[in-house]
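> Quick one, coords-v4.tsv (TSV, C-alpha atoms):
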chain	number	residue	atom	x	y	z
A	1	MET	CA	-101.44	40.24	-107.58
A	2	ASN	CA	-98.35	42.25	-108.35
A	3	ASN	CA	-95.26	42.40	-106.22
A	4	ILE	CA	-95.28	44.85	-103.38
A	5	LYS	CA	-93.38	48.02	-104.21
A	6	PHE	CA	-90.94	49.14	-101.58
A	7	TYR	CA	-90.17	52.81	-102.08
A	8	GLU	CA	-87.73	52.61	-99.21
A	9	ILE	CA	-86.77	49.63	-97.10
A	10	LYS	CA	-86.23	50.76	-93.53
A	11	LYS	CA	-83.64	49.17	-91.28
A	12	GLU	CA	-86.40	48.47	-88.77
A	13	ILE	CA	-88.87	46.96	-91.23
A	14	ARG	CA	-91.24	44.67	-89.29
A	15	ILE	CA	-90.64	41.03	-90.14
A	16	LEU	CA	-92.49	37.96	-88.90
A	17	GLY	CA	-90.16	34.94	-88.80
A	18	ILE	CA	-91.83	31.53	-88.55
A	19	ASP	CA	-90.47	28.13	-87.55
A	20	ASP	CA	-91.96	24.92	-86.18
A	21	ALA	CA	-91.06	22.92	-83.10
A	22	SER	CA	-89.67	19.43	-83.36
A	23	PHE	CA	-92.20	16.72	-82.62
A	24	ASN	CA	-92.49	12.98	-82.26
A	25	LEU	CA	-93.76	11.58	-85.56
A	26	PHE	CA	-95.18	8.51	-83.83
A	27	GLU	CA	-96.94	10.24	-80.95
A	28	ASP	CA	-97.77	13.84	-81.79
A	29	LYS	CA	-100.75	14.76	-83.94
A	30	LYS	CA	-99.94	18.44	-83.75
A	31	THR	CA	-96.94	20.67	-83.41
A	32	ILE	CA	-96.54	24.39	-82.78
A	33	LEU	CA	-95.52	27.16	-85.11
A	34	ILE	CA	-93.83	30.14	-83.49
A	35	GLY	CA	-93.84	33.58	-85.05
A	36	ALA	CA	-91.12	35.98	-83.90
A	37	ILE	CA	-91.88	39.59	-84.80
A	38	PHE	CA	-88.68	41.53	-85.32
A	39	ARG	CA	-87.68	45.04	-86.14
A	40	GLY	CA	-85.32	44.27	-89.01
A	41	GLY	CA	-82.48	42.17	-87.67
A	42	GLU	CA	-82.42	44.13	-84.46
A	43	TRP	CA	-84.90	43.21	-81.78
A	44	LEU	CA	-87.88	41.12	-80.78
A	45	ASP	CA	-91.16	42.99	-80.80
A	46	GLY	CA	-93.69	40.22	-80.22
A	47	VAL	CA	-94.29	36.49	-80.24
A	48	LEU	CA	-97.13	34.58	-81.90
A	49	LYS	CA	-98.08	30.92	-81.66
A	50	THR	CA	-100.36	28.60	-83.57
A	51	GLU	CA	-100.74	24.86	-84.00
A	52	ILE	CA	-100.64	22.73	-87.12
A	53	GLU	CA	-101.23	19.06	-87.83
A	54	VAL	CA	-98.17	16.86	-88.19
A	55	ASP	CA	-98.06	15.80	-91.88
A	56	GLY	CA	-101.34	17.65	-92.41
A	57	ASN	CA	-102.33	20.33	-94.88
A	58	ASP	CA	-103.28	23.29	-92.68
A	59	ALA	CA	-100.01	25.26	-92.39
A	60	THR	CA	-100.95	27.77	-95.12
A	61	GLU	CA	-104.30	28.58	-93.57
A	62	LYS	CA	-102.95	28.68	-89.99
A	63	ILE	CA	-100.23	31.15	-90.98
A	64	ILE	CA	-102.73	33.37	-92.81
A	65	GLU	CA	-105.01	33.31	-89.77
A	66	MET	CA	-102.15	34.13	-87.38
A	67	VAL	CA	-101.13	37.13	-89.49
A	68	LYS	CA	-104.70	38.39	-89.89
A	69	ASN	CA	-105.38	38.14	-86.17
A	70	THR	CA	-102.28	39.81	-84.81
A	71	ARG	CA	-102.42	43.26	-83.22
A	72	HIS	CA	-99.14	43.99	-85.01
A	73	LYS	CA	-100.54	45.79	-88.03
A	74	ASP	CA	-97.18	47.11	-89.14
A	75	LEU	CA	-95.82	43.78	-90.44
A	76	ARG	CA	-94.35	44.01	-93.93
A	77	ILE	CA	-92.61	40.70	-94.52
A	78	ILE	CA	-93.17	37.04	-93.59
A	79	MET	CA	-90.08	34.83	-93.45
A	80	LEU	CA	-90.34	31.07	-93.28
A	81	ASP	CA	-87.75	28.47	-92.34
A	82	GLY	CA	-88.40	26.56	-95.56
A	83	ILE	CA	-91.85	25.82	-96.97
A	84	THR	CA	-92.62	22.62	-95.04
A	85	PHE	CA	-93.46	22.48	-91.36
A	86	GLY	CA	-94.61	19.68	-89.06
A	87	GLY	CA	-93.26	17.02	-91.40
A	88	PHE	CA	-94.85	17.56	-94.81
A	89	ASN	CA	-97.35	20.30	-94.09
A	90	VAL	CA	-96.51	22.49	-97.12
A	91	VAL	CA	-96.96	26.27	-96.99
A	92	ASN	CA	-98.25	27.76	-100.24
A	93	ILE	CA	-96.42	31.10	-100.18
A	94	LYS	CA	-98.46	32.44	-103.09
A	95	LYS	CA	-101.66	31.99	-101.10
A	96	VAL	CA	-100.06	33.51	-98.00
A	97	PHE	CA	-99.08	36.56	-100.05
A	98	GLU	CA	-102.51	36.87	-101.69
A	99	GLU	CA	-104.39	36.60	-98.42
A	100	THR	CA	-102.14	38.77	-96.27
A	101	GLY	CA	-100.76	41.24	-98.81
A	102	LEU	CA	-97.31	40.72	-97.30
A	103	GLY	CA	-94.18	39.71	-99.16
A	104	VAL	CA	-93.16	36.15	-98.25
A	105	ILE	CA	-89.58	34.86	-98.19
A	106	ALA	CA	-88.74	31.21	-97.48
A	107	VAL	CA	-85.14	30.56	-96.50
A	108	VAL	CA	-83.34	27.24	-96.97
A	109	ARG	CA	-79.73	26.25	-96.38
A	110	LYS	CA	-79.49	23.98	-99.36
A	111	ILE	CA	-81.38	23.23	-102.54
A	112	PRO	CA	-84.01	20.60	-101.76
A	113	ASP	CA	-83.98	17.37	-103.77
A	114	PHE	CA	-87.19	17.94	-105.74
A	115	GLU	CA	-87.19	14.46	-107.23
A	116	GLU	CA	-87.08	12.85	-103.81
A	117	ILE	CA	-89.82	15.17	-102.56
A	118	GLU	CA	-92.00	14.19	-105.54
A	119	ASN	CA	-91.44	10.52	-104.70
A	120	VAL	CA	-92.52	11.08	-101.11
A	121	ILE	CA	-95.58	13.26	-101.64
A	122	LYS	CA	-97.08	11.20	-104.44
A	123	ARG	CA	-97.51	8.32	-102.01
A	124	TYR	CA	-99.61	10.31	-99.54
A	125	GLU	CA	-102.78	12.36	-99.37
A	126	TYR	CA	-102.90	16.04	-100.32
A	127	TYR	CA	-100.66	15.32	-103.31
A	128	GLU	CA	-102.24	18.03	-105.48
A	129	GLU	CA	-102.13	20.69	-102.75
A	130	ARG	CA	-98.55	19.86	-101.79
A	131	LYS	CA	-97.42	19.84	-105.40
A	132	GLU	CA	-99.12	23.19	-105.96
A	133	GLY	CA	-97.42	24.63	-102.86
A	134	ILE	CA	-94.02	23.39	-103.97
A	135	ASN	CA	-94.50	24.77	-107.48
A	136	ALA	CA	-95.75	28.10	-106.17
A	137	ALA	CA	-92.48	28.59	-104.27
A	138	GLY	CA	-90.37	28.20	-107.41
A	139	VAL	CA	-86.67	27.47	-107.66
A	140	PRO	CA	-84.56	28.57	-104.68
A	141	ARG	CA	-82.11	31.34	-105.52
A	142	LYS	CA	-78.73	31.89	-103.93
A	143	ILE	CA	-77.82	34.75	-101.61
A	144	GLU	CA	-74.47	35.45	-99.98
A	145	THR	CA	-75.25	36.49	-96.38
A	146	ARG	CA	-71.63	36.43	-95.22
A	147	LYS	CA	-68.48	36.40	-97.30
A	148	GLY	CA	-68.35	32.99	-98.98
A	149	LYS	CA	-71.46	31.75	-97.11
A	150	PHE	CA	-74.68	31.18	-99.00
A	151	ILE	CA	-78.33	30.51	-98.31
A	152	TYR	CA	-81.20	30.12	-100.76
A	153	ILE	CA	-84.54	31.84	-100.87
A	154	GLN	CA	-87.90	31.39	-102.53
A	155	CYS	CA	-90.15	34.42	-102.52
A	156	CYS	CA	-93.57	35.67	-103.50
A	157	GLY	CA	-95.07	39.14	-103.64
A	158	ILE	CA	-91.68	40.75	-103.54
A	159	LYS	CA	-88.98	41.26	-106.14
A	160	PHE	CA	-85.93	39.04	-105.70
A	161	GLU	CA	-83.69	42.08	-105.37
A	162	ASP	CA	-85.80	43.50	-102.54
A	163	ALA	CA	-86.00	40.11	-100.83
A	164	LYS	CA	-82.24	39.74	-101.06
A	165	TYR	CA	-81.75	43.16	-99.53
A	166	ILE	CA	-84.09	42.36	-96.62
A	167	VAL	CA	-82.50	38.95	-95.98
A	168	LYS	CA	-79.03	40.49	-95.82
A	169	LEU	CA	-80.26	43.41	-93.72
A	170	SER	CA	-81.79	41.07	-91.14
A	171	SER	CA	-79.00	38.47	-90.95
A	172	THR	CA	-77.29	40.45	-88.21
A	173	ARG	CA	-76.11	37.67	-85.87
A	174	SER	CA	-75.62	34.61	-88.06
A	175	LEU	CA	-75.95	33.36	-91.62
A	176	ILE	CA	-79.74	33.42	-91.46
A	177	PRO	CA	-82.18	36.24	-90.74
A	178	GLU	CA	-82.73	37.00	-87.02
A	179	PRO	CA	-86.54	36.59	-87.14
A	180	ILE	CA	-86.09	32.97	-88.28
A	181	ARG	CA	-83.23	32.27	-85.88
A	182	ALA	CA	-85.27	33.59	-82.93
A	183	ALA	CA	-88.42	31.69	-83.99
A	184	HIS	CA	-86.33	28.52	-84.10
A	185	LEU	CA	-84.83	29.09	-80.63
A	186	ILE	CA	-88.25	29.82	-79.14
A	187	ALA	CA	-90.03	26.88	-80.80
A	188	SER	CA	-87.36	24.37	-79.87
A	189	GLY	CA	-86.91	25.78	-76.34
A	190	VAL	CA	-90.64	25.61	-75.64
A	191	ALA	CA	-91.02	22.11	-77.07
A	192	LEU	CA	-87.88	20.54	-75.59
A	193	GLY	CA	-87.17	22.60	-72.45
A	194	GLU	CA	-83.98	23.91	-74.06
A	195	SER	CA	-83.39	25.34	-77.52
A	196	ARG	CA	-81.13	23.50	-79.93
A	197	GLY	CA	-78.86	24.19	-82.89
A	198	GLY	CA	-79.58	26.60	-85.70
A	199	ALA	CA	-82.91	27.09	-87.50
B	1	MET	CA	-71.18	32.80	-49.71
B	2	ASN	CA	-69.59	36.05	-50.73
B	3	ASN	CA	-70.63	38.20	-53.63
B	4	ILE	CA	-69.23	37.30	-57.01
B	5	LYS	CA	-66.34	39.53	-57.98
B	6	PHE	CA	-66.52	40.95	-61.47
B	7	TYR	CA	-63.09	42.03	-62.57
B	8	GLU	CA	-64.55	43.27	-65.81
B	9	ILE	CA	-68.18	43.28	-66.91
B	10	LYS	CA	-68.34	42.59	-70.63
B	11	LYS	CA	-70.97	44.13	-72.85
B	12	GLU	CA	-71.96	40.61	-73.96
B	13	ILE	CA	-72.17	39.10	-70.47
B	14	ARG	CA	-74.50	36.09	-70.63
B	15	ILE	CA	-77.75	36.77	-68.78
B	16	LEU	CA	-80.70	34.45	-68.20
B	17	GLY	CA	-83.94	36.45	-67.94
B	18	ILE	CA	-86.93	34.64	-66.44
B	19	ASP	CA	-90.66	35.37	-66.55
B	20	ASP	CA	-93.83	33.34	-66.16
B	21	ALA	CA	-96.84	32.98	-68.44
B	22	SER	CA	-100.25	34.21	-67.41
B	23	PHE	CA	-102.61	31.45	-66.29
B	24	ASN	CA	-106.16	30.86	-65.20
B	25	LEU	CA	-106.20	30.78	-61.40
B	26	PHE	CA	-109.36	28.70	-61.36
B	27	GLU	CA	-108.38	26.11	-63.95
B	28	ASP	CA	-104.60	25.81	-64.24
B	29	LYS	CA	-102.55	23.84	-61.74
B	30	LYS	CA	-99.31	24.70	-63.48
B	31	THR	CA	-97.84	27.50	-65.52
B	32	ILE	CA	-94.64	27.82	-67.51
B	33	LEU	CA	-91.48	29.75	-66.75
B	34	ILE	CA	-89.48	30.89	-69.77
B	35	GLY	CA	-85.77	31.61	-69.60
B	36	ALA	CA	-84.35	33.87	-72.32
B	37	ILE	CA	-80.57	33.65	-72.58
B	38	PHE	CA	-79.13	36.91	-73.81
B	39	ARG	CA	-75.77	38.32	-74.65
B	40	GLY	CA	-75.98	41.49	-72.60
B	41	GLY	CA	-78.84	43.58	-73.93
B	42	GLU	CA	-78.05	42.58	-77.47
B	43	TRP	CA	-79.34	39.29	-78.72
B	44	LEU	CA	-81.10	36.05	-77.92
B	45	ASP	CA	-78.79	33.08	-77.55
B	46	GLY	CA	-81.13	30.38	-76.27
B	47	VAL	CA	-84.52	29.64	-74.73
B	48	LEU	CA	-85.29	27.47	-71.70
B	49	LYS	CA	-88.61	26.31	-70.31
B	50	THR	CA	-89.79	24.74	-67.10
B	51	GLU	CA	-93.09	24.36	-65.27
B	52	ILE	CA	-94.12	25.46	-61.80
B	53	GLU	CA	-97.23	24.98	-59.70
B	54	VAL	CA	-99.68	27.86	-59.58
B	55	ASP	CA	-99.53	29.21	-55.99
B	56	GLY	CA	-97.08	26.43	-55.16
B	57	ASN	CA	-93.62	26.50	-53.62
B	58	ASP	CA	-91.39	24.98	-56.28
B	59	ALA	CA	-90.20	28.03	-58.27
B	60	THR	CA	-86.84	28.25	-56.45
B	61	GLU	CA	-86.01	24.60	-57.05
B	62	LYS	CA	-87.26	24.61	-60.65
B	63	ILE	CA	-85.11	27.62	-61.52
B	64	ILE	CA	-82.03	26.04	-59.90
B	65	GLU	CA	-82.66	22.82	-61.85
B	66	MET	CA	-83.13	24.70	-65.14
B	67	VAL	CA	-79.83	26.54	-64.67
B	68	LYS	CA	-77.92	23.42	-63.63
B	69	ASN	CA	-79.23	21.44	-66.62
B	70	THR	CA	-78.61	23.94	-69.39
B	71	ARG	CA	-75.86	23.44	-71.95
B	72	HIS	CA	-75.17	27.18	-71.68
B	73	LYS	CA	-72.31	27.01	-69.20
B	74	ASP	CA	-71.28	30.62	-69.75
B	75	LEU	CA	-74.22	32.18	-67.87
B	76	ARG	CA	-73.14	34.82	-65.34
B	77	ILE	CA	-76.36	36.47	-64.19
B	78	ILE	CA	-79.97	35.43	-63.53
B	79	MET	CA	-82.59	38.16	-63.85
B	80	LEU	CA	-86.13	37.67	-62.58
B	81	ASP	CA	-89.29	39.63	-63.31
B	82	GLY	CA	-89.94	40.08	-59.59
B	83	ILE	CA	-89.61	37.32	-57.00
B	84	THR	CA	-93.07	35.76	-57.33
B	85	PHE	CA	-94.22	33.64	-60.27
B	86	GLY	CA	-97.36	31.63	-60.94
B	87	GLY	CA	-99.34	33.59	-58.37
B	88	PHE	CA	-97.50	33.33	-55.04
B	89	ASN	CA	-94.76	30.88	-55.86
B	90	VAL	CA	-91.89	32.84	-54.23
B	91	VAL	CA	-88.32	32.56	-55.53
B	92	ASN	CA	-85.68	32.57	-52.79
B	93	ILE	CA	-82.91	34.43	-54.60
B	94	LYS	CA	-80.38	33.61	-51.86
B	95	LYS	CA	-80.89	29.89	-52.45
B	96	VAL	CA	-80.71	30.37	-56.22
B	97	PHE	CA	-77.40	32.17	-55.81
B	98	GLU	CA	-76.03	29.56	-53.39
B	99	GLU	CA	-76.98	26.62	-55.59
B	100	THR	CA	-76.00	28.08	-58.97
B	101	GLY	CA	-73.13	30.39	-58.03
B	102	LEU	CA	-74.66	33.06	-60.28
B	103	GLY	CA	-75.56	36.59	-59.24
B	104	VAL	CA	-79.35	37.06	-59.10
B	105	ILE	CA	-81.17	40.30	-59.84
B	106	ALA	CA	-84.95	40.66	-59.44
B	107	VAL	CA	-86.45	43.65	-61.21
B	108	VAL	CA	-89.72	45.35	-60.20
B	109	ARG	CA	-91.44	48.43	-61.52
B	110	LYS	CA	-92.68	49.61	-58.15
B	111	ILE	CA	-92.02	48.93	-54.49
B	112	PRO	CA	-94.28	46.08	-53.40
B	113	ASP	CA	-96.69	46.64	-50.49
B	114	PHE	CA	-94.99	44.36	-47.96
B	115	GLU	CA	-97.78	44.73	-45.39
B	116	GLU	CA	-100.38	43.54	-47.87
B	117	ILE	CA	-98.15	40.65	-48.95
B	118	GLU	CA	-97.74	39.62	-45.30
B	119	ASN	CA	-101.54	39.65	-44.88
B	120	VAL	CA	-101.98	37.41	-47.91
B	121	ILE	CA	-99.25	34.85	-47.27
B	122	LYS	CA	-100.04	34.34	-43.59
B	123	ARG	CA	-103.41	32.91	-44.55
B	124	TYR	CA	-101.98	30.18	-46.79
B	125	GLU	CA	-99.58	27.25	-46.67
B	126	TYR	CA	-95.82	27.67	-47.11
B	127	TYR	CA	-95.94	30.80	-44.92
B	128	GLU	CA	-92.46	30.22	-43.49
B	129	GLU	CA	-90.86	29.48	-46.86
B	130	ARG	CA	-92.52	32.44	-48.54
B	131	LYS	CA	-91.60	34.78	-45.71
B	132	GLU	CA	-88.02	33.55	-45.86
B	133	GLY	CA	-87.92	34.11	-49.63
B	134	ILE	CA	-89.31	37.62	-49.31
B	135	ASN	CA	-86.84	38.50	-46.54
B	136	ALA	CA	-83.94	37.02	-48.48
B	137	ALA	CA	-84.61	39.42	-51.35
B	138	GLY	CA	-84.34	42.49	-49.12
B	139	VAL	CA	-85.58	45.99	-49.80
B	140	PRO	CA	-85.84	46.99	-53.49
B	141	ARG	CA	-83.40	49.71	-54.49
B	142	LYS	CA	-83.94	52.32	-57.15
B	143	ILE	CA	-82.15	52.49	-60.50
B	144	GLU	CA	-82.58	55.10	-63.24
B	145	THR	CA	-82.62	53.14	-66.54
B	146	ARG	CA	-83.66	56.11	-68.69
B	147	LYS	CA	-83.56	59.79	-67.83
B	148	GLY	CA	-86.24	60.34	-65.17
B	149	LYS	CA	-87.46	56.71	-65.42
B	150	PHE	CA	-86.85	54.34	-62.53
B	151	ILE	CA	-87.09	50.66	-61.75
B	152	TYR	CA	-86.20	48.81	-58.55
B	153	ILE	CA	-83.99	45.82	-58.02
B	154	GLN	CA	-83.33	43.24	-55.33
B	155	CYS	CA	-80.13	41.29	-55.70
B	156	CYS	CA	-78.07	38.50	-54.20
B	157	GLY	CA	-74.53	37.30	-54.82
B	158	ILE	CA	-73.63	40.54	-56.55
B	159	LYS	CA	-72.79	44.02	-55.28
B	160	PHE	CA	-75.54	46.57	-55.85
B	161	GLU	CA	-73.18	48.71	-57.93
B	162	ASP	CA	-72.36	45.81	-60.25
B	163	ALA	CA	-76.04	44.83	-60.50
B	164	LYS	CA	-76.95	48.42	-61.35
B	165	TYR	CA	-74.30	48.51	-64.07
B	166	ILE	CA	-75.57	45.25	-65.62
B	167	VAL	CA	-79.23	46.34	-65.48
B	168	LYS	CA	-78.43	49.60	-67.25
B	169	LEU	CA	-76.15	47.85	-69.75
B	170	SER	CA	-78.90	45.40	-70.71
B	171	SER	CA	-81.85	47.81	-70.84
B	172	THR	CA	-81.16	48.53	-74.50
B	173	ARG	CA	-84.70	48.67	-75.95
B	174	SER	CA	-86.95	49.75	-73.10
B	175	LEU	CA	-86.93	50.64	-69.40
B	176	ILE	CA	-86.29	47.05	-68.38
B	177	PRO	CA	-83.47	44.65	-69.24
B	178	GLU	CA	-83.84	42.86	-72.59
B	179	PRO	CA	-83.55	39.33	-71.15
B	180	ILE	CA	-86.64	39.97	-69.00
B	181	ARG	CA	-88.54	41.76	-71.76
B	182	ALA	CA	-87.90	38.88	-74.18
B	183	ALA	CA	-88.80	36.21	-71.58
B	184	HIS	CA	-92.08	38.04	-71.03
B	185	LEU	CA	-92.90	38.24	-74.76
B	186	ILE	CA	-92.10	34.56	-75.26
B	187	ALA	CA	-94.01	33.34	-72.18
B	188	SER	CA	-97.11	35.38	-72.97
B	189	GLY	CA	-96.98	34.61	-76.71
B	190	VAL	CA	-96.73	30.89	-76.10
B	191	ALA	CA	-99.48	30.86	-73.47
B	192	LEU	CA	-101.94	33.20	-75.21
B	193	GLY	CA	-101.11	32.83	-78.93
B	194	GLU	CA	-99.94	36.45	-78.99
B	195	SER	CA	-97.61	38.30	-76.63
B	196	ARG	CA	-98.93	41.17	-74.54
B	197	GLY	CA	-97.75	44.38	-72.92
B	198	GLY	CA	-94.48	44.82	-71.08
B	199	ALA	CA	-92.90	42.40	-68.61
Before anything else, please render the file you have as structure tokens.


Amino acid sequence: MNNIKFYEIKKEIRILGIDDASFNLFEDKKTILIGAIFRGGEWLDGVLKTEIEVDGNDATEKIIEMVKNTRHKDLRIIMLDGITFGGFNVVNIKKVFEETGLGVIAVVRKIPDFEEIENVIKRYEYYEERKEGINAAGVPRKIETRKGKFIYIQCCGIKFEDAKYIVKLSSTRSLIPEPIRAAHLIASGVALGESRGGA
Amino acid sequence: MNNIKFYEIKKEIRILGIDDASFNLFEDKKTILIGAIFRGGEWLDGVLKTEIEVDGNDATEKIIEMVKNTRHKDLRIIMLDGITFGGFNVVNIKKVFEETGLGVIAVVRKIPDFEEIENVIKRYEYYEERKEGINAAGVPRKIETRKGKFIYIQCCGIKFEDAKYIVKLSSTRSLIPEPIRAAHLIASGVALGESRGGA
């Protein structure tokens, strides 16, 4: 599939930001994913929830399902807080794009150590799927969201220049896009009783 | 205790908006309360969660506890989506004010039928406490949040004029204050998998 063409990117473009809740690796078999639907970087329009297995392999499919089932048919972009949730449940952003038709942008604060990741995943099940998911995301590319402050993105289904524009447009309150920041606050607040730190 | 004096009400005054999740009256013994911490009507600063008994009498105490335990020490106002949560778990806003020192504003879309409420509560336990909570809230007073559109508020620990100013200031995206609208979206999204309707 080709990249989505944006003839005009509106300030209130509907974005679904996704983050997971923290969990107890020794006790919890599942954790929640929260989707915060935003109008650009401006305001919350809806909240979605799904569950994934801790260290499982169902995050890609659960995200696709959540997006297909929502009543919010005006979503244009999916933003992820990185490509792994619930431990090492890797999201294949290429599959998410192909199944939903939405541009996907994963945001990370620093370049992951790919060698270390390889060392971890090769010792566990789902090696092929995880490797494929990691490869599909490609190399993170730098964006300056505030003067002198950088984040990195991986994207699929959308040109880097468009993704960059949308990330900057939606980072209205902090260094990261509001849909991801809100998803993080909601997921951690619901899991812990009070939200913590940044996404 | 006297009303809180506001020498200046800032646009980014910290407000905690509270709403409950929907529940199944026949199956659920508890439901969740979500607190959305907002800077005025502008943006989400944190998320709190607690649990109350369906048709119980612990909402007042659970809200007080949630406010006392939060790391957000800069809260100034508590806003409630009405004074009953989880069925008929009545919040005594006078007690919440006295225990937290924060002004409390309950927002309703229409004047409740007090006669009908009396008929319901007198048949169940906690009659005295519920009656006291309802009386403590007083008669709802009208506010125009958009031209020709009205909501009603009950308040404690804050002058009606100040409460009115804060409600209007924070109703940035709809007819009701953002902290309550967001708390509703989060509570319903978390409970149902997808948020519904207005608060």

> In Å, with one decimal, what is the gap from atom CA of A:Leu44 to atom CA of B:Leu80?

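A separation of 18.6 Å between them.
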
> Restricting the calculation to all atoms listed in the file: of A:Lys62, A:Lys159, A:Lys49, A:Arg130, which residue gets closest to A:Phe88?

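The closest residue to A:Phe88 is A:Arg130.
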
> Find the residues of chain B in contact range of chain A, meaning any atom within 7 Å when counting only C-alpha atoms, and list them as a list in words.

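Result: Leu44, Gly46, Val47, Leu48, Lys49, Thr50, Ala182, Leu185, Ile186, Gly189, Val190, Gly193, Glu194 and Ser195 of chain B.
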
> Taking all atoms listed in the file into account, name the residue in B:Lys131, B:Lys168, B:Arg39, B:Lys5 that is nearest to B:Lys147.

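The answer is B:Lys168, which sits nearest to B:Lys147.
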
> Name the residues, using the chain letters and numbers of the file, that sit within 6 Å of (-73.6, 32.6, -50.4) when counting only C-alpha atoms, and give them as a VMD selection string.

chain B and resid 1 to 2 98

> Can you write just those residues out, C-alpha atoms, as a PDB file, in the coordinates of the input?


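File written: again.pdb
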ATOM      1  CA  MET B   1     -71.180  32.800 -49.710  1.00  0.00           C
ATOM      2  CA  ASN B   2     -69.590  36.050 -50.730  1.00  0.00           C
ATOM      3  CA  GLU B  98     -76.030  29.560 -53.390  1.00  0.00           C
TER       4      GLU B  98
END

> Could you state the separation of atom CA of B:Thr84 and atom CA of B:Val54 in Å, given to one decimal place?

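Between atom CA of B:Thr84 and atom CA of B:Val54 the gap is 10.5 Å.
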
> If we count all atoms listed in the file, what is near B:Cys155 at a cut-off of 12 Å, once residues fewer than 5 positions away on the same chain are taken out, given as a PyMOL selection string?

chain B and resi 3-4+77-80+82-83+91-97+102-108+134-142+160-164+166-167

> Rounded to one decimal place, report the atom CA of B:Leu75-atom CA of B:Asp19 distance in Å.

16.8 Å

> Between A:Arg76, A:Arg146, A:Arg109, A:Lys29, which is the closest to A:Ile15 once you count only C-alpha atoms?

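Among the listed residues, the smallest separation from A:Ile15 belongs to A:Arg76.
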
> Grab all the atoms of stretch 39-50 of chain A that the file lists, wrap them in a box along x, y and z, add 8 Å per side, and give me centre plus edge lengths in Å (one decimal) as AutoDock Vina command-line options.


--center_x -91.4 --center_y 36.8 --center_z -84.6 --size_x 33.9 --size_y 32.4 --size_z 24.8

> Check the smallest atom-to-atom distance from each of B:Ala59, B:Ile153, B:Ile143, B:Ile13 to B:Phe38 using only C-alpha atoms, then report the winner.

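Closest to B:Phe38, using only C-alpha atoms: B:Ile13.
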
> For each of A:Asp81, A:Gly40, A:Leu16, A:Glu125, take the minimum atom-to-atom distance to A:Tyr165, counting all atoms listed in the file, then give the residue where this is smallest.

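Ranked by minimum distance to A:Tyr165, first place goes to A:Gly40.
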
> Given the point (-94.4, 18.8, -87.0) in the file's coordinates, find the residues that have an atom at most 7 Å from it, counting only C-alpha atoms, and give them as a ChimeraX atom specification.

/A:20-23,30-31,53-55,85-87

> For a quick check of understanding, using only C-alpha atoms, which of A:Glu99, A:Glu118, A:Gly157, A:Ile64 has the smallest distance to A:Ile18?

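Once distances to A:Ile18 are computed over only C-alpha atoms, the minimum belongs to A:Ile64.
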